[in-house]
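A.B. asks: Following this message is one structure expressed as structure tokens.
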Amino acid sequence: MLTRKGKIILVILLFSLFGVLAVGFTIVTSLPLAISILVLLFSILFWKPKVHVNRDVHIDNRTNKIDVELSIITEPYTSIEICDELPLGSILEEGSYCRNAITDSNGGLTLRYSVRAFKPRLTWNNVYLSICHPLDLAIKRLKLPIKTTVMLDVPLHKSIPIKTLKKLGIVSRGYMEPVIDRVRPYAIGDDFKLIIPKSLLTPGGPRVKILSTEDFTSFKNKILILAIPSMLYCVSDITKSLVEIILYNILHHAKLNKYEVRIIIPSIQVLDTKWVAIDNRIHEYLARIGKALCNSMDINHVKLWIEKLREIESNVLIIAPMDSLSRLKNMLKYTEVRGLHITVIKYIVPPSINYLPNSFRDLISKIIEEENNELKNTVNELKKIGYVVEVMESVGL
Amino acid sequence: MNGIETIMILGILVLLLLVLGRIMKIKTKSFHSYFDNIQIVYKGELKSLNEIIINEADKCLNKLGVKNLKKTRYTYLSLFRYISNLKLIKAMYHYKKLLDFCKGHIDVKEAAEHFEKLRSLCGSE
């Protein structure tokens with residue numbers, strides 16, 4: 001693609017050629033001129049820079065952090081804009097996945113950033129490059145299919161903590177050590193493992209530990225998730241990632257604690273998983289749910305389910321993206337159901353906004369500020385009428 | 001000019017037309033694919049960057065006195081009634097450029113310049 005400068009030069013060259021011909025120079029002068037101009041024109045039009053791109057990834061399994069390094073080698077001192085495509089299931093942690101810079105004397109340029117993964121398998125697909133002609137006459141835009149796949153051992157006990165889950169008592173149940181309730185003298189039939197070794201030497205005879213008789217069945221061992229569909233899931237990868245994080249955490253803890261989970265997505269095509277005990281196929285569940293989330297909200301079904309929540313004996317969590325919240329609030333206002341946990345997904349503007357000119361960036365910032373104020377008001381209203389609301393907004397969950 | 005020269009000049013003219021045709025055909029879309037991801041929730045609806053810009057430009061033109069712009073967006077003839085208002089003609093020029101940006105015909109930087117100029121015209125009203 002030609003730049004504005006390139007187009008002007010091209011048009012001038014063409015008209016000069018036409019002028020030379022029109023004035024009536026002899027073929028000896030006009031023909032070489034015409035050929036050289038045409039060669040120049042075609043060289044601009046069909047200019048294709050040589051680029052070599054390599055993606056290196058360094059995985060830190062301890063923190064789920066992946067350091068990515070994109071090395072580009074092309075002509076020296078060339079202006080390049082490079083953007084990497086973030087894989088789904090990851091969140092940008094450090095640096096930027098886009099860079100606009102001039103290559104060094106060897107034609108090299110490096111882009112470094114880090115992402116945090118919450119899925120065991122991440123795939124990068126494309127690299128976007130925009131290379132300027134050395135004379136700034138043309139810009140070449142390339143989409144290079146450089147595929148990289150990494151496998152991680154997502155540490156099960158290091159899932160991302162979410163306040164709402166703690167409030168629901170889901171997180172704290174994991175890995176609970178047995179608690180000694182009291183000690184009593186040994187009686188026939190007691191488990192030998194429970195005998196206190198020191199007590200064998202004491203005059204009163206052996207004593208055994210009596211573990212806490214906490215009745216686990218009294219806890220609600222079911223989690224119902226009502227995930228409100230929204231178009232925001234379809235357009236914002238970050239929003240989708242955040243929801244996946246929440247769902248992943250819930251499914252994971254449900255698996256650890258042998259809870260049953262039921263996920264309902266009241267979209268045009270209602271998704272209801274029924275009560276399921278989560279096994280090792282967490283990612284299969286996530287894939288099913290992910291597809292259903294990107295849809296229009298079915299108001300009648302949402303109303304129906306909110307009313308049903310009264311009768312269901314389980315922990316309930318409503319996940320609603322920012323754009324569906326006001327409609328949800330209007331529904332919740334007129335029901336008698338109170339005290340539910342609502343996790344709101346705040347829209348996060350992609351970092352590519354930083355590459356926009358100032359005036360556009362300011363315009364978007366102004367709109368976001370207005371929307372955030374409205375979101376605050378809606379959240380406050382929900383809190384006032386008796387709901388527990390948590391807003392998810394940042395990558396540092 | 002003899003016969004050979006005429007043929008050569010005609011040949012060069014044909015080539016020239018081909019090259020010009022090629023330039024005209026080139027889509028000057030320079031709006032990066034990753035800008036397409038910029039979508040904002042505005043008044044409960046998802047809006048793309050283009051929609052936000054045009055919405056703002058519409059507000060701006062409304063301030064200047066152009067009403068029912070949606071009907072007249074593609075029929076600039078109706079603007080003849082504003083011919084005496086130079087500021088409005090300038091504003092319409094910038095507005096048209098922003099529409100070009102939405103169609104992908106101009107660069108984001110150029111569009112930003114037109115946007116700034118349009119806003120300055122509204123601000124000074």
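Each chain in the structure tokens gets a letter, A, B, ..., in the order shown, and its residues are numbered from 1; ligands are numbered from 1 in order too.
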Chain A residues within 8 Å of chain B, counting only C-alpha atoms: which ones, as an mmCIF file with C-alpha atoms, in the first residue's frame?

C.D. replies:
data_model
loop_
_atom_site.group_PDB
_atom_site.id
_atom_site.type_symbol
_atom_site.label_atom_id
_atom_site.label_comp_id
_atom_site.auth_asym_id
_atom_site.auth_seq_id
_atom_site.Cartn_x
_atom_site.Cartn_y
_atom_site.Cartn_z
ATOM 1 C CA MET A 1 0.000 0.000 0.000
ATOM 2 C CA LEU A 2 1.290 3.426 -0.942
ATOM 3 C CA LEU A 14 3.297 9.811 -14.348
ATOM 4 C CA PHE A 18 2.933 12.301 -20.017
ATOM 5 C CA LEU A 21 5.562 12.745 -24.433
ATOM 6 C CA ILE A 27 11.971 8.769 -28.912
ATOM 7 C CA ALA A 34 9.487 6.260 -19.739
ATOM 8 C CA MET A 231 -22.265 -9.606 23.036
ATOM 9 C CA LEU A 232 -19.286 -8.300 24.962
ATOM 10 C CA VAL A 235 -15.842 -8.915 20.862
ATOM 11 C CA SER A 236 -13.585 -8.674 23.876
ATOM 12 C CA ASP A 323 -23.419 -4.289 29.323
ATOM 13 C CA SER A 324 -26.073 -6.658 30.697
ATOM 14 C CA TYR A 347 -15.111 -3.926 30.063
ATOM 15 C CA VAL A 349 -10.261 -1.539 26.644
ATOM 16 C CA PRO A 350 -7.590 -3.369 24.664
ATOM 17 C CA SER A 352 -4.137 -1.166 21.229
ATOM 18 C CA ILE A 353 -5.976 2.048 22.144
ATOM 19 C CA LEU A 356 -4.477 5.681 18.442
ATOM 20 C CA PRO A 357 -3.930 9.393 17.928
ATOM 21 C CA ASN A 358 -4.530 11.554 20.995
ATOM 22 C CA SER A 359 -7.901 12.936 19.964
ATOM 23 C CA PHE A 360 -9.429 9.482 19.476
ATOM 24 C CA ILE A 364 -12.653 6.834 24.148
ATOM 25 C CA ILE A 367 -16.767 7.555 27.113
ATOM 26 C CA ILE A 368 -15.215 4.927 29.368
ATOM 27 C CA GLU A 371 -19.728 4.317 31.480
#

A.B. asks: Pick out the residues sitting within 10 Å of Tyr93 in chain B, and hand them over as a compact mmCIF listing (two decimals) with N, CA and C atoms, in the first residue's frame; count only C-alpha atoms, and ignore anything fewer than 6 positions along from it in its own chain.

C.D. replies:
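Writing done, so here's result14.txt:
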# COMPACT_ATOMS: atom_id res chain seq x y z
N LYS B 87 -18.03 28.13 7.47
CA LYS B 87 -17.63 27.24 8.56
C LYS B 87 -18.30 25.86 8.41
N LEU B 99 -16.03 10.06 7.24
CA LEU B 99 -16.79 8.95 6.62
C LEU B 99 -15.86 8.10 5.76
N HIS B 114 -8.59 15.48 10.89
CA HIS B 114 -9.90 16.00 10.47
C HIS B 114 -10.85 16.09 11.66
N LEU B 118 -12.65 19.40 12.96
CA LEU B 118 -14.11 19.46 13.06
C LEU B 118 -14.53 19.90 14.46

A.B. asks: Taking the backbone alone, and naming residues the way the document does, which bits of range 241-271 of chain A are strand (DSSP E or B) by DSSP, as a list in words?

C.D. replies: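 The residues of range 241-271 of chain A classed as strand (DSSP E or B) are Glu260, Val261, Arg262, Ile263, Ile264, Ile265, Ser267 and Leu271 of chain A.
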
A.B. asks: DSSP on the backbone: what in range 6-141 of chain A comes out alpha helix (DSSP H), as a PyMOL selection string?

C.D. replies: chain A and resi 6-23+27-45

A.B. asks: Write the residues of the selection above to a file with C-alpha atoms, as a compact mmCIF listing (two decimals), in the first residue's frame.

C.D. replies:
# COMPACT_ATOMS: atom_id res chain seq x y z
CA GLY A 6 4.26 7.77 -2.35
CA LYS A 7 1.02 8.51 -4.15
CA ILE A 8 1.96 12.13 -4.76
CA ILE A 9 5.38 11.17 -6.15
CA LEU A 10 3.81 8.51 -8.32
CA VAL A 11 1.26 10.86 -9.78
CA ILE A 12 3.94 13.52 -10.40
CA LEU A 13 6.14 10.98 -12.18
CA LEU A 14 3.30 9.81 -14.35
CA PHE A 15 2.27 13.28 -15.31
CA SER A 16 5.86 14.28 -16.03
CA LEU A 17 6.12 11.30 -18.34
CA PHE A 18 2.93 12.30 -20.02
CA GLY A 19 4.25 15.86 -20.30
CA VAL A 20 7.51 14.71 -21.88
CA LEU A 21 5.56 12.75 -24.43
CA ALA A 22 3.11 15.53 -25.10
CA VAL A 23 5.85 18.12 -25.69
CA ILE A 27 11.97 8.77 -28.91
CA VAL A 28 15.68 8.76 -27.95
CA THR A 29 14.97 10.88 -24.87
CA SER A 30 11.38 9.92 -24.03
CA LEU A 31 11.68 6.13 -24.27
CA PRO A 32 14.51 5.62 -21.72
CA LEU A 33 12.78 8.12 -19.44
CA ALA A 34 9.49 6.26 -19.74
CA ILE A 35 11.11 2.88 -19.10
CA SER A 36 13.07 4.11 -16.07
CA ILE A 37 9.97 5.76 -14.60
CA LEU A 38 7.92 2.63 -15.11
CA VAL A 39 10.60 0.49 -13.52
CA LEU A 40 10.57 2.83 -10.53
CA LEU A 41 6.79 2.74 -10.36
CA PHE A 42 6.59 -1.01 -10.46
CA SER A 43 9.37 -1.35 -7.91
CA ILE A 44 7.33 0.79 -5.51
CA LEU A 45 4.09 -0.95 -6.24

A.B. asks: Near Asp67 in chain A, counting only C-alpha atoms, which residues have an atom at most 7 Å away, once you skip same-chain residues fewer than 2 positions from it, shown as a PyMOL selection string?

C.D. replies: chain A and resi 57-59+65+69+113-115
